[in-house]
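Asker: TSV, C-alpha atoms and all ligand atoms, saved as upload-v8.tsv, coming up:
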chain	number	residue	atom	x	y	z
A	308	MET	CA	-35.69	-35.06	-38.17
A	309	LYS	CA	-39.22	-35.63	-39.44
A	310	LEU	CA	-39.31	-32.07	-40.80
A	311	ILE	CA	-35.80	-32.04	-42.20
A	312	LYS	CA	-36.35	-35.00	-44.50
A	313	PRO	CA	-39.20	-33.53	-46.61
A	314	CYS	CA	-37.29	-30.23	-46.77
A	315	LEU	CA	-34.20	-31.98	-48.07
A	316	LEU	CA	-36.29	-33.83	-50.63
A	317	ALA	CA	-37.83	-30.58	-51.85
A	318	ILE	CA	-34.44	-28.89	-52.15
A	319	THR	CA	-33.04	-31.89	-54.04
A	320	ALA	CA	-36.01	-31.80	-56.42
A	321	LEU	CA	-35.43	-28.11	-57.07
A	322	LEU	CA	-31.75	-28.66	-57.77
A	323	PHE	CA	-32.38	-31.35	-60.33
A	324	VAL	CA	-35.15	-29.95	-62.46
A	325	ASN	CA	-34.88	-32.32	-65.37
A	326	CYS	CA	-36.96	-34.95	-67.06
A	327	THR	CA	-36.46	-37.49	-64.28
A	328	ALA	CA	-37.06	-35.22	-61.31
A	329	GLN	CA	-40.42	-34.05	-62.66
A	330	LYS	CA	-41.92	-37.49	-62.97
A	331	LYS	CA	-44.35	-37.12	-60.07
A	332	ILE	CA	-46.16	-34.02	-61.32
A	333	SER	CA	-49.12	-34.84	-63.58
A	334	SER	CA	-48.40	-34.08	-67.19
A	335	LEU	CA	-49.76	-34.82	-70.63
A	336	LYS	CA	-47.22	-37.53	-71.38
A	337	ASP	CA	-47.99	-39.23	-68.07
A	338	VAL	CA	-51.76	-39.17	-68.27
A	339	TYR	CA	-51.69	-40.45	-71.89
A	340	LYS	CA	-48.84	-42.88	-71.24
A	341	LYS	CA	-50.90	-46.00	-71.90
A	342	ASP	CA	-52.61	-44.52	-74.96
A	343	PHE	CA	-50.09	-42.98	-77.35
A	344	TYR	CA	-46.93	-40.88	-77.38
A	345	ILE	CA	-47.42	-37.17	-76.82
A	346	GLY	CA	-44.92	-35.32	-78.97
A	347	THR	CA	-43.77	-31.84	-79.81
A	348	ALA	CA	-41.80	-30.25	-82.62
A	349	LEU	CA	-38.54	-28.66	-81.51
A	350	SER	CA	-37.01	-25.51	-82.97
A	351	ALA	CA	-33.24	-25.20	-83.31
A	352	ASN	CA	-33.06	-23.12	-80.10
A	353	GLN	CA	-35.01	-25.74	-78.21
A	354	ILE	CA	-32.70	-28.49	-79.43
A	355	GLU	CA	-29.82	-26.40	-78.12
A	356	GLN	CA	-31.67	-25.92	-74.81
A	357	LYS	CA	-31.23	-22.15	-74.98
A	358	ASP	CA	-34.11	-21.45	-72.59
A	359	ALA	CA	-34.15	-23.44	-69.35
A	360	LYS	CA	-37.86	-22.80	-68.67
A	361	VAL	CA	-38.91	-24.03	-72.10
A	362	ASN	CA	-36.62	-27.01	-71.74
A	363	SER	CA	-38.14	-28.06	-68.46
A	364	LEU	CA	-41.64	-27.73	-69.96
A	365	ILE	CA	-40.62	-29.98	-72.88
A	366	CYS	CA	-39.20	-32.56	-70.48
A	367	LYS	CA	-42.26	-32.47	-68.27
A	368	GLU	CA	-44.99	-32.73	-70.87
A	369	PHE	CA	-43.67	-34.62	-73.91
A	370	ASN	CA	-42.19	-38.04	-74.58
A	371	ALA	CA	-41.73	-37.75	-78.35
A	372	ILE	CA	-39.87	-35.21	-80.48
A	373	THR	CA	-39.76	-34.13	-84.12
A	374	ALA	CA	-37.32	-31.54	-85.46
A	375	GLU	CA	-39.39	-28.63	-86.79
A	376	ASN	CA	-36.87	-27.74	-89.51
A	377	ILE	CA	-33.31	-28.95	-89.13
A	378	MET	CA	-33.75	-32.36	-90.77
A	379	LYS	CA	-35.25	-30.89	-93.93
A	380	SER	CA	-33.06	-31.24	-96.98
A	381	MET	CA	-32.01	-27.58	-97.24
A	382	PHE	CA	-30.50	-27.73	-93.77
A	383	ILE	CA	-29.17	-31.27	-93.53
A	384	HIS	CA	-27.84	-31.52	-97.11
A	385	PRO	CA	-27.16	-27.94	-98.24
A	386	GLN	CA	-24.75	-28.86	-101.02
A	387	LYS	CA	-24.34	-31.92	-103.17
A	388	ASP	CA	-21.25	-33.10	-101.31
A	389	LYS	CA	-21.99	-31.59	-97.96
A	390	TYR	CA	-24.17	-32.79	-95.12
A	391	ASP	CA	-24.62	-30.79	-91.94
A	392	PHE	CA	-25.30	-33.01	-88.97
A	393	ALA	CA	-24.29	-30.59	-86.22
A	394	LEU	CA	-27.85	-29.88	-85.02
A	395	THR	CA	-29.36	-33.22	-86.00
A	396	ASP	CA	-26.76	-34.97	-83.81
A	397	LYS	CA	-27.81	-32.73	-80.92
A	398	PHE	CA	-31.47	-33.45	-81.62
A	399	VAL	CA	-30.98	-37.21	-81.48
A	400	ALA	CA	-28.73	-36.98	-78.41
A	401	TYR	CA	-31.42	-34.87	-76.69
A	402	GLY	CA	-34.09	-37.46	-77.37
A	403	LYS	CA	-31.88	-40.31	-76.24
A	404	LYS	CA	-30.82	-38.55	-73.05
A	405	ASN	CA	-34.43	-37.94	-72.14
A	406	LYS	CA	-35.67	-41.38	-73.26
A	407	MET	CA	-38.00	-39.86	-75.83
A	408	TYR	CA	-39.46	-41.34	-79.00
A	409	ILE	CA	-37.53	-39.74	-81.87
A	410	HIS	CA	-39.21	-39.04	-85.20
A	411	GLY	CA	-37.28	-38.00	-88.33
A	412	HIS	CA	-38.86	-35.29	-90.49
A	413	THR	CA	-38.44	-35.50	-93.48
A	414	LEU	CA	-36.46	-37.27	-96.23
A	415	ILE	CA	-38.23	-36.50	-99.51
A	416	TRP	CA	-40.27	-33.28	-99.71
A	417	HIS	CA	-40.71	-30.72	-102.48
A	418	SER	CA	-40.50	-27.79	-100.00
A	419	GLN	CA	-37.50	-26.47	-98.11
A	420	LEU	CA	-35.27	-28.16	-100.67
A	421	ALA	CA	-31.66	-27.08	-100.99
A	422	PRO	CA	-31.40	-24.92	-104.16
A	423	TRP	CA	-29.03	-27.40	-105.83
A	424	MET	CA	-31.68	-30.11	-105.57
A	425	THR	CA	-34.15	-28.11	-107.61
A	426	GLN	CA	-31.64	-28.23	-110.49
A	427	ILE	CA	-31.67	-32.04	-110.74
A	428	LYS	CA	-32.66	-32.69	-114.35
A	429	ASP	CA	-32.96	-36.35	-115.17
A	430	SER	CA	-33.72	-39.76	-113.75
A	431	THR	CA	-30.06	-40.82	-113.42
A	432	GLU	CA	-29.20	-37.76	-111.36
A	433	MET	CA	-32.35	-38.06	-109.27
A	434	LYS	CA	-31.79	-41.76	-108.55
A	435	ALA	CA	-28.23	-41.01	-107.43
A	436	PHE	CA	-29.47	-38.14	-105.24
A	437	MET	CA	-32.18	-40.22	-103.58
A	438	LYS	CA	-29.83	-43.12	-102.90
A	439	ASP	CA	-27.17	-40.89	-101.40
A	440	HIS	CA	-29.56	-38.66	-99.42
A	441	ILE	CA	-31.76	-41.36	-97.91
A	442	THR	CA	-29.01	-43.91	-97.30
A	443	THR	CA	-26.61	-41.42	-95.73
A	444	ILE	CA	-29.13	-39.90	-93.35
A	445	VAL	CA	-31.08	-43.00	-92.35
A	446	SER	CA	-27.94	-45.14	-91.83
A	447	LYS	CA	-26.29	-42.43	-89.77
A	448	TYR	CA	-29.10	-42.67	-87.22
A	449	LYS	CA	-29.80	-46.39	-87.65
A	450	GLY	CA	-31.25	-47.88	-84.48
A	451	ARG	CA	-31.63	-44.44	-82.88
A	452	ILE	CA	-34.47	-42.81	-84.79
A	453	ASP	CA	-37.76	-44.60	-84.13
A	454	SER	CA	-39.60	-43.51	-87.27
A	455	TRP	CA	-39.16	-41.42	-90.40
A	456	ASP	CA	-41.40	-39.37	-92.64
A	457	VAL	CA	-39.97	-40.92	-95.79
A	458	VAL	CA	-42.08	-38.83	-98.14
A	459	ASN	CA	-43.96	-35.66	-97.20
A	460	GLU	CA	-46.88	-34.12	-99.12
A	461	ALA	CA	-46.69	-36.02	-102.42
A	462	LEU	CA	-50.41	-35.57	-103.17
A	463	ASN	CA	-52.72	-32.90	-104.51
A	464	GLU	CA	-56.08	-32.23	-102.86
A	465	ASP	CA	-57.85	-34.49	-105.36
A	466	GLY	CA	-55.58	-37.39	-104.52
A	467	THR	CA	-53.46	-37.22	-107.68
A	468	LEU	CA	-49.68	-36.97	-107.51
A	469	ARG	CA	-48.26	-33.49	-106.95
A	470	LYS	CA	-45.88	-32.12	-109.56
A	471	SER	CA	-42.39	-31.90	-108.11
A	472	VAL	CA	-38.80	-32.33	-109.12
A	473	PHE	CA	-39.12	-35.95	-107.94
A	474	LEU	CA	-42.22	-36.74	-109.99
A	475	ASN	CA	-40.88	-34.88	-113.03
A	476	THR	CA	-37.66	-36.87	-113.14
A	477	LEU	CA	-38.72	-40.34	-111.95
A	478	GLY	CA	-42.48	-40.55	-112.25
A	479	GLU	CA	-44.36	-42.32	-109.45
A	480	GLN	CA	-41.49	-44.79	-109.06
A	481	TYR	CA	-39.78	-42.24	-106.81
A	482	LEU	CA	-42.22	-43.08	-104.04
A	483	ILE	CA	-41.47	-46.78	-104.20
A	484	ASP	CA	-37.71	-46.14	-104.40
A	485	ALA	CA	-37.80	-43.81	-101.40
A	486	PHE	CA	-39.49	-46.35	-99.14
A	487	LYS	CA	-37.21	-49.18	-100.33
A	488	LEU	CA	-34.06	-47.12	-99.76
A	489	ALA	CA	-35.17	-46.14	-96.26
A	490	ALA	CA	-36.01	-49.74	-95.31
A	491	ALA	CA	-32.66	-50.95	-96.64
A	492	ALA	CA	-30.79	-48.34	-94.60
A	493	ASP	CA	-32.57	-49.17	-91.33
A	494	PRO	CA	-34.90	-52.17	-91.52
A	495	LYS	CA	-36.26	-51.63	-87.99
A	496	THR	CA	-37.27	-47.97	-88.07
A	497	ASP	CA	-40.95	-47.26	-88.80
A	498	LEU	CA	-41.58	-45.66	-92.17
A	499	TYR	CA	-44.37	-43.10	-92.62
A	500	TYR	CA	-46.07	-41.32	-95.48
A	501	ASN	CA	-46.99	-37.84	-94.13
A	502	ASP	CA	-49.40	-35.23	-95.54
A	503	TYR	CA	-51.93	-32.51	-94.70
A	504	ASN	CA	-55.66	-32.70	-95.42
A	505	ASN	CA	-55.37	-36.46	-95.83
A	506	GLU	CA	-58.39	-36.80	-93.54
A	507	GLU	CA	-60.50	-35.34	-96.39
A	508	PRO	CA	-62.19	-37.98	-98.61
A	509	ALA	CA	-60.40	-37.44	-101.95
A	510	LYS	CA	-56.93	-37.06	-100.53
A	511	ARG	CA	-57.61	-39.98	-98.16
A	512	GLU	CA	-58.44	-42.18	-101.14
A	513	GLY	CA	-55.30	-40.99	-102.91
A	514	THR	CA	-53.22	-41.77	-99.83
A	515	ILE	CA	-54.66	-45.25	-99.51
A	516	ASN	CA	-53.98	-45.99	-103.19
A	517	LEU	CA	-50.47	-44.68	-102.86
A	518	ILE	CA	-49.67	-46.81	-99.81
A	519	LYS	CA	-51.16	-49.88	-101.48
A	520	LYS	CA	-49.05	-49.26	-104.58
A	521	ILE	CA	-45.84	-48.87	-102.62
A	522	LYS	CA	-46.56	-52.03	-100.66
A	523	ALA	CA	-47.52	-54.00	-103.77
A	524	ALA	CA	-44.16	-53.04	-105.30
A	525	GLY	CA	-42.31	-54.42	-102.28
A	526	GLY	CA	-41.91	-51.22	-100.25
A	527	LYS	CA	-42.45	-51.16	-96.49
A	528	VAL	CA	-44.92	-48.58	-95.17
A	529	ASP	CA	-45.60	-48.78	-91.45
A	530	GLY	CA	-47.70	-45.73	-90.93
A	531	VAL	CA	-49.50	-42.71	-92.23
A	532	GLY	CA	-48.95	-39.29	-90.74
A	533	ILE	CA	-51.94	-36.97	-90.65
A	534	GLN	CA	-50.37	-33.54	-90.11
A	535	ALA	CA	-53.51	-32.14	-88.46
A	536	HIS	CA	-53.02	-28.41	-89.06
A	537	TRP	CA	-56.66	-27.91	-88.23
A	538	ARG	CA	-59.26	-25.21	-87.63
A	539	LEU	CA	-61.90	-24.65	-84.93
A	540	GLU	CA	-64.72	-25.70	-87.24
A	541	SER	CA	-63.08	-28.22	-89.54
A	542	PRO	CA	-62.31	-30.95	-90.37
A	543	SER	CA	-65.28	-32.76	-88.90
A	544	LEU	CA	-64.83	-35.45	-86.29
A	545	GLU	CA	-66.62	-37.79	-88.70
A	546	GLU	CA	-63.95	-37.39	-91.38
A	547	ILE	CA	-61.16	-37.75	-88.83
A	548	GLU	CA	-62.74	-40.95	-87.53
A	549	LYS	CA	-63.32	-42.33	-91.02
A	550	SER	CA	-59.65	-41.70	-91.76
A	551	ILE	CA	-58.38	-43.46	-88.64
A	552	LEU	CA	-60.53	-46.46	-89.55
A	553	ALA	CA	-59.70	-46.48	-93.26
A	554	TYR	CA	-55.94	-46.20	-92.75
A	555	SER	CA	-55.84	-48.80	-90.05
A	556	ALA	CA	-57.93	-51.11	-92.26
A	557	ILE	CA	-55.05	-51.21	-94.75
A	558	GLY	CA	-52.66	-52.22	-91.99
A	559	VAL	CA	-50.80	-49.02	-91.20
A	560	LYS	CA	-50.42	-47.16	-87.92
A	561	VAL	CA	-51.96	-43.71	-87.69
A	562	ALA	CA	-49.99	-40.80	-86.23
A	563	PHE	CA	-51.14	-37.21	-85.84
A	564	THR	CA	-47.85	-35.57	-86.60
A	565	GLU	CA	-48.15	-31.76	-86.57
A	566	LEU	CA	-51.26	-30.94	-84.56
A	567	ASP	CA	-52.25	-27.30	-84.08
A	568	ILE	CA	-55.56	-25.46	-84.31
A	569	THR	CA	-55.70	-21.97	-85.76
A	570	VAL	CA	-58.18	-19.54	-84.19
A	571	LEU	CA	-57.65	-16.78	-86.77
A	572	PRO	CA	-59.88	-15.83	-89.72
A	573	ASN	CA	-59.25	-17.18	-93.14
A	574	PRO	CA	-61.30	-15.38	-95.83
A	575	TRP	CA	-59.75	-17.33	-98.66
A	576	ASP	CA	-60.99	-20.53	-97.14
A	577	LEU	CA	-57.44	-21.71	-97.21
A	578	LYS	CA	-57.20	-25.28	-96.07
A	579	GLY	CA	-54.14	-27.34	-95.48
A	580	ALA	CA	-50.56	-26.35	-94.96
A	581	ASP	CA	-48.79	-25.58	-98.22
A	582	VAL	CA	-45.83	-23.61	-96.86
A	583	ASN	CA	-45.43	-21.81	-100.18
A	584	GLN	CA	-48.77	-20.00	-99.86
A	585	ASN	CA	-48.58	-16.54	-98.26
A	586	PHE	CA	-51.08	-13.70	-97.93
A	587	GLU	CA	-50.88	-10.00	-97.13
A	588	GLY	CA	-51.88	-9.08	-93.59
A	589	SER	CA	-54.41	-6.55	-92.26
A	590	ALA	CA	-55.78	-5.60	-88.82
A	591	LYS	CA	-59.02	-7.45	-89.61
A	592	MET	CA	-57.02	-10.58	-90.20
A	593	ASN	CA	-55.27	-10.27	-86.83
A	594	PRO	CA	-58.19	-9.80	-84.41
A	595	TYR	CA	-56.47	-10.84	-81.14
A	596	PRO	CA	-53.06	-9.11	-81.10
A	597	GLU	CA	-53.06	-8.76	-77.27
A	598	SER	CA	-54.91	-11.77	-75.89
A	599	LEU	CA	-57.44	-14.41	-76.81
A	600	PRO	CA	-61.01	-13.67	-75.62
A	601	ASP	CA	-62.34	-16.20	-73.12
A	602	SER	CA	-65.09	-17.32	-75.47
A	603	VAL	CA	-62.54	-18.36	-78.11
A	604	GLN	CA	-60.29	-19.91	-75.46
A	605	GLU	CA	-63.29	-22.05	-74.46
A	606	LYS	CA	-63.96	-23.02	-78.07
A	607	LEU	CA	-60.37	-24.07	-78.53
A	608	ALA	CA	-60.49	-26.16	-75.35
A	609	GLN	CA	-63.72	-27.81	-76.47
A	610	ARG	CA	-62.28	-28.57	-79.92
A	611	TYR	CA	-59.12	-30.12	-78.46
A	612	SER	CA	-61.24	-32.09	-76.02
A	613	ASP	CA	-63.53	-33.44	-78.77
A	614	ILE	CA	-60.54	-34.42	-80.88
A	615	PHE	CA	-58.73	-36.19	-78.04
A	616	LYS	CA	-61.93	-38.01	-77.04
A	617	LEU	CA	-61.94	-39.44	-80.54
A	618	PHE	CA	-58.21	-40.25	-80.37
A	619	LEU	CA	-58.80	-42.12	-77.11
A	620	LYS	CA	-61.65	-44.08	-78.66
A	621	HIS	CA	-59.18	-45.34	-81.29
A	622	LYS	CA	-56.04	-45.40	-79.20
A	623	ASP	CA	-55.26	-48.95	-80.37
A	624	LYS	CA	-54.79	-47.58	-83.91
A	625	ILE	CA	-52.91	-44.39	-83.00
A	626	SER	CA	-49.17	-44.46	-82.37
A	627	ARG	CA	-48.42	-40.83	-81.61
A	628	VAL	CA	-49.96	-37.38	-81.31
A	629	THR	CA	-47.41	-34.61	-81.86
A	630	PHE	CA	-48.08	-30.89	-81.46
A	631	TRP	CA	-46.38	-28.57	-83.94
A	632	GLY	CA	-44.47	-26.57	-81.35
A	633	VAL	CA	-44.32	-26.26	-77.58
A	634	TYR	CA	-46.14	-22.96	-76.96
A	635	ASP	CA	-48.12	-20.29	-78.81
A	636	GLY	CA	-45.27	-17.75	-79.02
A	637	GLN	CA	-43.17	-20.00	-81.23
A	638	SER	CA	-45.89	-21.36	-83.51
A	639	TRP	CA	-45.31	-21.18	-87.26
A	640	LEU	CA	-48.99	-20.09	-87.47
A	641	ASN	CA	-47.96	-16.62	-86.26
A	642	ASP	CA	-46.36	-16.21	-89.69
A	643	TRP	CA	-48.35	-18.47	-91.97
A	644	PRO	CA	-50.33	-17.96	-94.12
A	645	ILE	CA	-50.00	-14.28	-93.12
A	646	LYS	CA	-46.84	-12.89	-91.57
A	647	GLY	CA	-46.80	-11.22	-88.15
A	648	ARG	CA	-50.15	-12.29	-86.70
A	649	THR	CA	-50.79	-13.46	-83.16
A	650	ASN	CA	-52.23	-16.96	-83.15
A	651	TYR	CA	-53.11	-19.26	-80.26
A	652	PRO	CA	-53.02	-22.78	-81.67
A	653	LEU	CA	-51.25	-24.81	-78.96
A	654	LEU	CA	-51.77	-25.85	-75.33
A	655	PHE	CA	-49.32	-23.44	-73.67
A	656	ASP	CA	-49.46	-19.66	-73.96
A	657	THR	CA	-46.60	-17.27	-74.68
A	658	GLN	CA	-45.78	-17.22	-70.95
A	659	LEU	CA	-45.60	-21.04	-71.08
A	660	LYS	CA	-48.72	-21.27	-68.88
A	661	PRO	CA	-51.14	-24.12	-69.59
A	662	LYS	CA	-54.28	-22.93	-71.35
A	663	LYS	CA	-57.87	-24.14	-70.87
A	664	ALA	CA	-57.24	-26.56	-73.72
A	665	TYR	CA	-54.44	-28.15	-71.72
A	666	ASN	CA	-56.64	-28.59	-68.67
A	667	ALA	CA	-59.38	-30.04	-70.83
A	668	LEU	CA	-57.01	-32.74	-72.11
A	669	ILE	CA	-55.85	-33.58	-68.59
A	670	ASP	CA	-59.47	-33.65	-67.38
A	671	LEU	CA	-60.41	-36.14	-70.12
A	672	LYS	CA	-58.24	-38.69	-68.38
A	673	LYS	CA	-59.57	-38.10	-64.86
A	701	LIG	C1	-43.00	-25.49	-91.15
A	701	LIG	C2	-42.18	-24.94	-89.98
A	701	LIG	O1	-42.95	-25.00	-88.82
A	701	LIG	C3	-41.73	-23.53	-90.25
A	701	LIG	O2	-40.83	-23.08	-89.25
A	701	LIG	C4	-41.07	-23.43	-91.63
A	701	LIG	O3	-40.77	-22.09	-91.92
A	701	LIG	C5	-41.94	-24.00	-92.72
A	701	LIG	O4	-42.31	-25.34	-92.37
A	701	LIG	N1	-45.99	-29.17	-93.06
A	701	LIG	C6	-44.79	-29.75	-92.68
A	701	LIG	C7	-43.86	-29.00	-91.79
A	701	LIG	O5	-44.54	-30.93	-92.98
A	701	LIG	O6	-42.52	-29.32	-92.01
A	701	LIG	C8	-44.08	-27.49	-91.91
A	701	LIG	O7	-43.24	-26.85	-90.94
A	701	LIG	C9	-45.55	-27.15	-91.74
A	701	LIG	C10	-46.39	-27.82	-92.78
Show me, as structure tokens, the structure contained in the file I just sent.

Answerer:
Amino acid sequence: MKLIKPCLLAITALLFVNCTAQKKISSLKDVYKKDFYIGTALSANQIEQKDAKVNSLICKEFNAITAENIMKSMFIHPQKDKYDFALTDKFVAYGKKNKMYIHGHTLIWHSQLAPWMTQIKDSTEMKAFMKDHITTIVSKYKGRIDSWDVVNEALNEDGTLRKSVFLNTLGEQYLIDAFKLAAAADPKTDLYYNDYNNEEPAKREGTINLIKKIKAAGGKVDGVGIQAHWRLESPSLEEIEKSILAYSAIGVKVAFTELDITVLPNPWDLKGADVNQNFEGSAKMNPYPESLPDSVQEKLAQRYSDIFKLFLKHKDKISRVTFWGVYDGQSWLNDWPIKGRTNYPLLFDTQLKPKKAYNALIDLKK
């Protein structure tokens, strides 16, 4: 009898490999439970649970989700009078079923726009578009999506406003309108301004001014998203820390929303994550097509460890840390800024095995 019971338990655990059954095994989301959410971006296939192994890894390690693409305007609102909620409904249902924090990405962004949106010519048309787009999407998921990136990447590197169809038609008022519309559609969801390189001094200043302006005009901004598409050597921990402190000093939560760390060379000194920039590939630019040398694996682990040490120091100011993808094989950094490279920016390898970087983050909490 004594032997049968543990056997039965083990068999039952194997039969029900889902988010609940895996609770006892140590995982990122469990060890950081008291600190901040640990999130991941989900591809369309992952939302549809096409691969059982990947799905069980997602359930085990993460308690927050962002849709990598399907909530962007070109997918969710492909034509003026047509919304496509088929996958976004599945995404929200997935998060709810697994009791995850659900983040919406993104309402107003100049990239991955539906072609018809780029044709919007004047302020009347743009106002009507913004009202319809934001109100329809945010109200549809009212009470079910925990936070939204209301505006993504509105700033240039020097902190000035980026030229876009939104700025061209409405001027800076579009930012205020966007936050007001989102708050009106769901007053309880947290509203974020999200960008890359906003841990660098000039863009940080621009971000702070922008948030202050929106708030002064009566908009609600609950948080700032630092995308965190970072490199092994930069940005410095000092700038990251200054940013956490500066943003939290103006009363907003700080989230790291798209964390990944490239290990590949970048001769153009390309910083940031402008998805419209692309470069021709060459063997020199793809030095680790088969596997990552141990020395670089160590560097990556050390870099993640240093960053998370800092995050833990300021855990009271940080709401969420989300990785941009589940494992290396699916990372967008295999195709950006050069197509067809092999990058190693995440915590799980192509075989879904935890890397040294993963162990380093678990060890930090021991
Ligand atoms: C990326 C996706 O990962 C890719 O699949 C897609 O082809 C382009 O966009 N900043 C953002 C994200 O806010 O939405 C981008 O995601 C990466 C940069």

Asker: Around ligand LIG 701 (chain A), out to 8 Å and counting all atoms listed in the file, which residues are there? I want them as number ranges by chain.

Answerer: A: 350, 375-376, 379, 412-413, 419, 459-460, 501-503, 534, 536, 565, 580-582, 631-632, 638-640

Asker: Write the residues you've just listed into a file as a PDB file, keeping the file's coordinate frame, and include C-alpha atoms for each of them.

Answerer:
ATOM      1  CA  SER A 350     -37.010 -25.510 -82.970  1.00  0.00           C
ATOM      2  CA  GLU A 375     -39.390 -28.630 -86.790  1.00  0.00           C
ATOM      3  CA  ASN A 376     -36.870 -27.740 -89.510  1.00  0.00           C
ATOM      4  CA  LYS A 379     -35.250 -30.890 -93.930  1.00  0.00           C
ATOM      5  CA  HIS A 412     -38.860 -35.290 -90.490  1.00  0.00           C
ATOM      6  CA  THR A 413     -38.440 -35.500 -93.480  1.00  0.00           C
ATOM      7  CA  GLN A 419     -37.500 -26.470 -98.110  1.00  0.00           C
ATOM      8  CA  ASN A 459     -43.960 -35.660 -97.200  1.00  0.00           C
ATOM      9  CA  GLU A 460     -46.880 -34.120 -99.120  1.00  0.00           C
ATOM     10  CA  ASN A 501     -46.990 -37.840 -94.130  1.00  0.00           C
ATOM     11  CA  ASP A 502     -49.400 -35.230 -95.540  1.00  0.00           C
ATOM     12  CA  TYR A 503     -51.930 -32.510 -94.700  1.00  0.00           C
ATOM     13  CA  GLN A 534     -50.370 -33.540 -90.110  1.00  0.00           C
ATOM     14  CA  HIS A 536     -53.020 -28.410 -89.060  1.00  0.00           C
ATOM     15  CA  GLU A 565     -48.150 -31.760 -86.570  1.00  0.00           C
ATOM     16  CA  ALA A 580     -50.560 -26.350 -94.960  1.00  0.00           C
ATOM     17  CA  ASP A 581     -48.790 -25.580 -98.220  1.00  0.00           C
ATOM     18  CA  VAL A 582     -45.830 -23.610 -96.860  1.00  0.00           C
ATOM     19  CA  TRP A 631     -46.380 -28.570 -83.940  1.00  0.00           C
ATOM     20  CA  GLY A 632     -44.470 -26.570 -81.350  1.00  0.00           C
ATOM     21  CA  SER A 638     -45.890 -21.360 -83.510  1.00  0.00           C
ATOM     22  CA  TRP A 639     -45.310 -21.180 -87.260  1.00  0.00           C
ATOM     23  CA  LEU A 640     -48.990 -20.090 -87.470  1.00  0.00           C
TER      24      LEU A 640
END

Asker: Calculated over all atoms listed in the file, which of the candidates A:Asp391, A:Asp396, A:Ala590, A:Gly411 has the smallest distance to A:Lys646?

Answerer: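 For A:Lys646, the nearest of the candidates is A:Ala590.
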
Asker: Do a neighbour search on A:Lys519 at 10 Å with all atoms listed in the file, toss out local chain neighbours closer than 6 positions, and write the hits as an NGL selection string.

Answerer: :A and (513 or 525-526 or 528 or 557-558)

Asker: Using all atoms listed in the file, which of the listed residues (A:Leu544, A:Ala371, A:Leu364, A:Ala348) sits closest to A:Ser334?

Answerer: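 Ranked by minimum distance to A:Ser334, first place goes to A:Leu364.
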
Asker: Measuring between only C-alpha atoms, which one of A:Glu432, A:Glu355, A:Asp529, A:Asp670 shows the shortest distance to A:Asp497?

Answerer: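 Looking at the shortest contact to A:Asp497, the residue is A:Asp529.
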
Asker: Using only C-alpha atoms, which of the listed residues (A:Pro542, A:Pro644, A:Gly346, A:Pro494) sits closest to A:Lys527?

Answerer: A:Pro494

Asker: Which distance in Å separates atom CA of A:His410 and atom CA of A:Val457, to one decimal?

Answerer: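 Taking atom CA of A:His410 and atom CA of A:Val457, their separation equals 10.8 Å.
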
Asker: A:Val531, A:Ile444, A:Ala524, A:Leu566: which is nearest A:Ala492, counting all atoms listed in the file?

Answerer: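 Ranked by minimum distance to A:Ala492, first place goes to A:Ile444.
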
Asker: Given the point (-52.5, -47.9, -98.3) in the file's coordinates, find the residues that have an atom at most 10 Å from it, counting only C-alpha atoms, and give them as number ranges by chain.

Answerer: A: 500, 511-523, 528-531, 553-559

Asker: Please write as a PyMOL selection string the list of polymer residues whose atoms come within 12 Å of (-34.5, -37.1, -116.2), counting all atoms listed in the file and keeping to the coordinates of the file.

Answerer: chain A and resi 426-435+472-478+481

Asker: Would you please work out which residue, of A:Val458, A:Ala374, A:Leu335, A:Cys366, is nearest to A:Ala351 when using all atoms listed in the file?

Answerer: A:Ala374

Asker: Using all atoms listed in the file, which residues sit within 8 Å of A:Tyr408 once same-chain residues fewer than 2 positions away are excluded, as a list in words?

Answerer: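 Contacts, with the query itself left out: Tyr344, Asn370, Ala371, Ile372, Gly402, Lys406, His410, Ile452 and Asp453 of chain A.
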
Asker: Residues as selected, C-alpha atoms, written as a compact mmCIF listing (two decimals), keeping the file's coordinate frame, can you do that?

Answerer:
# COMPACT_ATOMS: atom_id res chain seq x y z
CA TYR A 344 -46.93 -40.88 -77.38
CA ASN A 370 -42.19 -38.04 -74.58
CA ALA A 371 -41.73 -37.75 -78.35
CA ILE A 372 -39.87 -35.21 -80.48
CA GLY A 402 -34.09 -37.46 -77.37
CA LYS A 406 -35.67 -41.38 -73.26
CA HIS A 410 -39.21 -39.04 -85.20
CA ILE A 452 -34.47 -42.81 -84.79
CA ASP A 453 -37.76 -44.60 -84.13
